[in-house]
Amino acid sequence: MRHKLSTFVMIACLLFPVLTTIAMISYPGGTRQDPHTVGYRFFENFFSELGLTQSHAGGPQTASFILFTIALSLAGAALIIYYLLAPSLFHQNTAQRITSWTGSFFGLVSGASFVGVAFTLADVYLAPHALFVQLAFIAFFIAVTFYAAAIFLHPEFPDRYAWVNLSFGLLLGVYIWLLFNGPAADTIYGLVIQVTGQKLIAYAAVACMFVIAYGTRHVLDHTKGTAHTRIIPGEQPSSG
C-alpha cells in the first residue's frame, strides 16, 4: 500500500504541469495590468488566475477553472498522502520520530492549505485565498526542513534526498521573502517579478515532491528486499 501511495504522489506531481498547461491554453485572456490581452501570458498571469470564475477580460473560463482546481487539489492531496505515509519510514529512534512527525504536521497543514487555495476563488474569496497561499508555503518550508533532518538521521535513506529538500527549502525561503517583501503586483515590473517567482516555486515544488516520493519508493523497495532475504532465527542460510 505504501508503495502505491508514493506512486500516486509521483503521478499527481506529473499531472500538475500537464493540467495547468492545458488550463493556460484554455484561458481566454486578460491580465491585472491589461484586461484586453488575448490568451494566457506566462509572465503576467498568476496560476490562481486560471481559477477565476471570470477572466480579467470579463468572459467565463470554465475549462481553465476546472483544470486548475483539479490540478491544485491533486497537488494538495499528494502532499497530504505523502506526509501521512512518510513517518512510517522514520521509526528507528526518537530523533527520527520527532523530526518526521513534526515535518508531517506542517506538511499536512501545507497540503490542506493548497486544497484551500483551489477552492477559495481569488475573485470571490480574496482574503482567505491569500491567507491559504501564505500558510501553504510557510508550512511547506518548515516541513521540508524537518524532513531533510529526518533523512540525514535515516541510515538507509540516501542523503541526496535530504539535499533535495534543503535546496528546495532555500528556494522556498527566498520566495516567501518575495511574497511578503517583494514589489507589489500593481505595476508591470512588480507583476512580472511576482508571477515569475510563483511559477518557479510551483514547478520546483512538484519536482521536489516527485524526487522525494521516488526516493521513498527506493527505500521501501530496499526494505522489502531486506525483509525477503532475512534469515529466520534457528534456520541456516541455503548453500545453493
# chains A, B, ... in the order shown; residues from 1 in each chain; ligands from 1
$ closest_atom_pairs --of "stretch 56-144 of chain A" --to "stretch 10-23 of chain A" --cutoff "10 Å" --atoms "only C-alpha atoms" --output "JSON lines"
{"residue": "A:Gln61", "atom": "CA", "partner": "A:Ala23", "partner_atom": "CA", "distance": 9.3}
{"residue": "A:Thr62", "atom": "CA", "partner": "A:Ala23", "partner_atom": "CA", "distance": 9.6}
{"residue": "A:Ala63", "atom": "CA", "partner": "A:Ala23", "partner_atom": "CA", "distance": 6.7}
{"residue": "A:Ser64", "atom": "CA", "partner": "A:Ala23", "partner_atom": "CA", "distance": 4.1}
{"residue": "A:Phe65", "atom": "CA", "partner": "A:Ala23", "partner_atom": "CA", "distance": 7.4}
{"residue": "A:Ile66", "atom": "CA", "partner": "A:Ala23", "partner_atom": "CA", "distance": 8.2}
{"residue": "A:Leu67", "atom": "CA", "partner": "A:Ala23", "partner_atom": "CA", "distance": 5.6}
{"residue": "A:Phe68", "atom": "CA", "partner": "A:Thr20", "partner_atom": "CA", "distance": 5.8}
{"residue": "A:Thr69", "atom": "CA", "partner": "A:Thr20", "partner_atom": "CA", "distance": 9.3}
{"residue": "A:Ile70", "atom": "CA", "partner": "A:Leu19", "partner_atom": "CA", "distance": 8.0}
{"residue": "A:Ala71", "atom": "CA", "partner": "A:Phe16", "partner_atom": "CA", "distance": 5.0}
{"residue": "A:Leu72", "atom": "CA", "partner": "A:Phe16", "partner_atom": "CA", "distance": 7.1}
{"residue": "A:Ser73", "atom": "CA", "partner": "A:Phe16", "partner_atom": "CA", "distance": 9.5}
{"residue": "A:Leu74", "atom": "CA", "partner": "A:Ala12", "partner_atom": "CA", "distance": 5.8}
{"residue": "A:Ala75", "atom": "CA", "partner": "A:Ala12", "partner_atom": "CA", "distance": 6.0}
{"residue": "A:Gly76", "atom": "CA", "partner": "A:Ala12", "partner_atom": "CA", "distance": 9.2}
{"residue": "A:Ala77", "atom": "CA", "partner": "A:Ala12", "partner_atom": "CA", "distance": 8.5}
{"residue": "A:Ala78", "atom": "CA", "partner": "A:Ala12", "partner_atom": "CA", "distance": 6.3}
{"residue": "A:Leu79", "atom": "CA", "partner": "A:Ala12", "partner_atom": "CA", "distance": 9.5}
{"residue": "A:Tyr82", "atom": "CA", "partner": "A:Met10", "partner_atom": "CA", "distance": 9.8}
$ residues_around --residues "stretch 40-54 of chain A" --least-positions-apart "4" --cutoff "10 Å" --atoms "only C-alpha atoms" --output "JSON, numbers by chain"
{"A": [20, 21, 23, 24, 25, 26, 27, 28, 29, 30, 31, 32, 33, 34, 58, 59, 60, 61, 62, 63, 64, 65, 66, 67, 68, 69, 70, 72, 117, 118, 119, 120, 121, 122, 123, 124, 129, 133, 185, 188, 189, 190, 191, 192, 193, 194, 195, 196, 197, 198, 199, 202]}
$ write_last_selection --atoms "C-alpha atoms" --output "PDB file, in the first residue's frame"
ATOM      1  CA  THR A  20      -2.117  23.664 -15.723  1.00  0.00           C
ATOM      2  CA  THR A  21      -0.588  23.884 -19.213  1.00  0.00           C
ATOM      3  CA  ALA A  23      -5.638  25.336 -18.468  1.00  0.00           C
ATOM      4  CA  MET A  24      -3.294  28.068 -19.735  1.00  0.00           C
ATOM      5  CA  ILE A  25      -4.136  27.178 -23.333  1.00  0.00           C
ATOM      6  CA  SER A  26      -7.849  27.373 -22.426  1.00  0.00           C
ATOM      7  CA  TYR A  27      -7.547  30.749 -20.657  1.00  0.00           C
ATOM      8  CA  PRO A  28      -9.389  33.381 -22.716  1.00  0.00           C
ATOM      9  CA  GLY A  29      -7.253  36.379 -21.818  1.00  0.00           C
ATOM     10  CA  GLY A  30      -6.657  39.424 -19.653  1.00  0.00           C
ATOM     11  CA  THR A  31      -4.074  40.376 -17.036  1.00  0.00           C
ATOM     12  CA  ARG A  32      -4.179  42.622 -13.990  1.00  0.00           C
ATOM     13  CA  GLN A  33      -2.471  45.367 -15.963  1.00  0.00           C
ATOM     14  CA  ASP A  34      -4.318  44.900 -19.250  1.00  0.00           C
ATOM     15  CA  GLY A  58     -14.796  39.648 -18.439  1.00  0.00           C
ATOM     16  CA  GLY A  59     -15.770  36.359 -20.037  1.00  0.00           C
ATOM     17  CA  PRO A  60     -16.323  32.926 -18.438  1.00  0.00           C
ATOM     18  CA  GLN A  61     -13.392  30.500 -18.265  1.00  0.00           C
ATOM     19  CA  THR A  62     -14.969  27.222 -17.279  1.00  0.00           C
ATOM     20  CA  ALA A  63     -12.316  24.931 -18.764  1.00  0.00           C
ATOM     21  CA  SER A  64      -9.312  26.624 -17.152  1.00  0.00           C
ATOM     22  CA  PHE A  65     -11.209  26.928 -13.858  1.00  0.00           C
ATOM     23  CA  ILE A  66     -11.973  23.189 -13.715  1.00  0.00           C
ATOM     24  CA  LEU A  67      -8.482  22.132 -14.788  1.00  0.00           C
ATOM     25  CA  PHE A  68      -6.764  24.438 -12.295  1.00  0.00           C
ATOM     26  CA  THR A  69      -8.990  23.275  -9.437  1.00  0.00           C
ATOM     27  CA  ILE A  70      -8.266  19.618 -10.231  1.00  0.00           C
ATOM     28  CA  LEU A  72      -4.103  22.105  -7.342  1.00  0.00           C
ATOM     29  CA  VAL A 117      -6.298  27.781  -2.331  1.00  0.00           C
ATOM     30  CA  ALA A 118      -8.022  25.744  -5.032  1.00  0.00           C
ATOM     31  CA  PHE A 119     -11.489  26.270  -3.564  1.00  0.00           C
ATOM     32  CA  THR A 120     -11.233  29.886  -2.367  1.00  0.00           C
ATOM     33  CA  LEU A 121     -11.520  31.645  -5.704  1.00  0.00           C
ATOM     34  CA  ALA A 122      -9.390  34.769  -5.878  1.00  0.00           C
ATOM     35  CA  ASP A 123     -12.181  36.856  -7.423  1.00  0.00           C
ATOM     36  CA  VAL A 124     -14.731  35.743  -4.825  1.00  0.00           C
ATOM     37  CA  HIS A 129      -7.332  32.781  -0.740  1.00  0.00           C
ATOM     38  CA  VAL A 133      -1.366  30.805  -0.119  1.00  0.00           C
ATOM     39  CA  ALA A 185       1.898  43.370  -8.359  1.00  0.00           C
ATOM     40  CA  ILE A 188       4.106  45.783 -14.571  1.00  0.00           C
ATOM     41  CA  TYR A 189       7.577  45.350 -13.047  1.00  0.00           C
ATOM     42  CA  GLY A 190       6.200  44.023  -9.774  1.00  0.00           C
ATOM     43  CA  LEU A 191       3.682  41.833 -11.584  1.00  0.00           C
ATOM     44  CA  VAL A 192       6.358  40.130 -13.692  1.00  0.00           C
ATOM     45  CA  ILE A 193       8.597  39.569 -10.642  1.00  0.00           C
ATOM     46  CA  GLN A 194       5.801  38.092  -8.526  1.00  0.00           C
ATOM     47  CA  VAL A 195       4.385  35.924 -11.324  1.00  0.00           C
ATOM     48  CA  THR A 196       7.817  34.615 -12.322  1.00  0.00           C
ATOM     49  CA  GLY A 197       8.653  33.794  -8.707  1.00  0.00           C
ATOM     50  CA  GLN A 198       5.385  31.948  -8.301  1.00  0.00           C
ATOM     51  CA  LYS A 199       5.924  29.911 -11.461  1.00  0.00           C
ATOM     52  CA  ALA A 202       5.398  25.923  -8.104  1.00  0.00           C
TER      53      ALA A 202
END
$ select_by_dssp --residues "stretch 57-211 of chain A" --states "alpha helix (DSSP H)" --output "MDAnalysis selection string"
chainID A and resid 62:85 94:119 126:153 159:181 188:211
$ atom_distance --atom1 "atom CA of A:Leu200" --atom2 "atom CA of A:Trp177"
14.2 Å
$ closest_residue --among "A:Tyr147, A:Phe141, A:Tyr125, A:Phe132" --to "A:Pro87" --atoms "only C-alpha atoms"
A:Tyr147
$ residues_around --residues "A:Leu153" --least-positions-apart "2" --cutoff "8 Å" --atoms "only C-alpha atoms" --output "count of residues only"
6
$ closest_residue --among "A:Gly173, A:Gly107, A:Gly182, A:Pro158" --to "A:Arg217" --atoms "only C-alpha atoms"
A:Pro158
$ residues_around --residues "A:Val144" --least-positions-apart "4" --cutoff "10 Å" --atoms "only C-alpha atoms" --output "number ranges by chain"
A: 100, 103-104, 106-107, 139-140, 148-150, 162, 164-170, 172, 208-209
$ write_last_selection --atoms "C-alpha atoms" --output "CSV table (one decimal), in the first residue's frame"
chain,number,residue,atom,x,y,z
A,100,SER,CA,9.4,13.2,10.9
A,103,GLY,CA,7.6,17.7,9.5
A,104,SER,CA,4.5,15.8,8.7
A,106,PHE,CA,3.4,21.1,8.8
A,107,GLY,CA,3.3,19.1,5.6
A,139,ALA,CA,4.2,25.3,6.3
A,140,PHE,CA,5.8,23.6,3.3
A,148,ALA,CA,15.8,17.0,5.5
A,149,ALA,CA,16.9,16.4,9.1
A,150,ALA,CA,14.9,13.2,9.3
A,162,ALA,CA,17.9,15.5,2.1
A,164,VAL,CA,17.0,18.0,-2.5
A,165,ASN,CA,14.7,19.1,0.4
A,166,LEU,CA,17.3,21.6,1.6
A,167,SER,CA,17.8,23.0,-1.9
A,168,PHE,CA,14.1,23.4,-2.4
A,169,GLY,CA,13.8,24.9,1.1
A,170,LEU,CA,16.3,27.5,0.2
A,172,LEU,CA,11.1,28.4,-0.9
A,208,CYS,CA,10.9,18.2,-5.3
A,209,MET,CA,8.0,16.1,-4.2
$ atom_distance --atom1 "atom CA of A:Trp163" --atom2 "atom CA of A:Phe146"
11.9 Å
$ closest_residue --among "A:Ala57, A:Ala143, A:Leu171, A:Leu126" --to "A:Thr99" --atoms "only C-alpha atoms"
A:Ala143
$ atom_distance --atom1 "atom CA of A:Ala213" --atom2 "atom CA of A:Leu85"
10.2 Å
$ closest_residue --among "A:His56, A:Ile81, A:Val38, A:His154" --to "A:Leu5" --atoms "only C-alpha atoms"
A:Ile81
$ closest_residue --among "A:Ala204, A:Phe137, A:Pro128, A:Thr7" --to "A:Gly116" --atoms "only C-alpha atoms"
A:Pro128
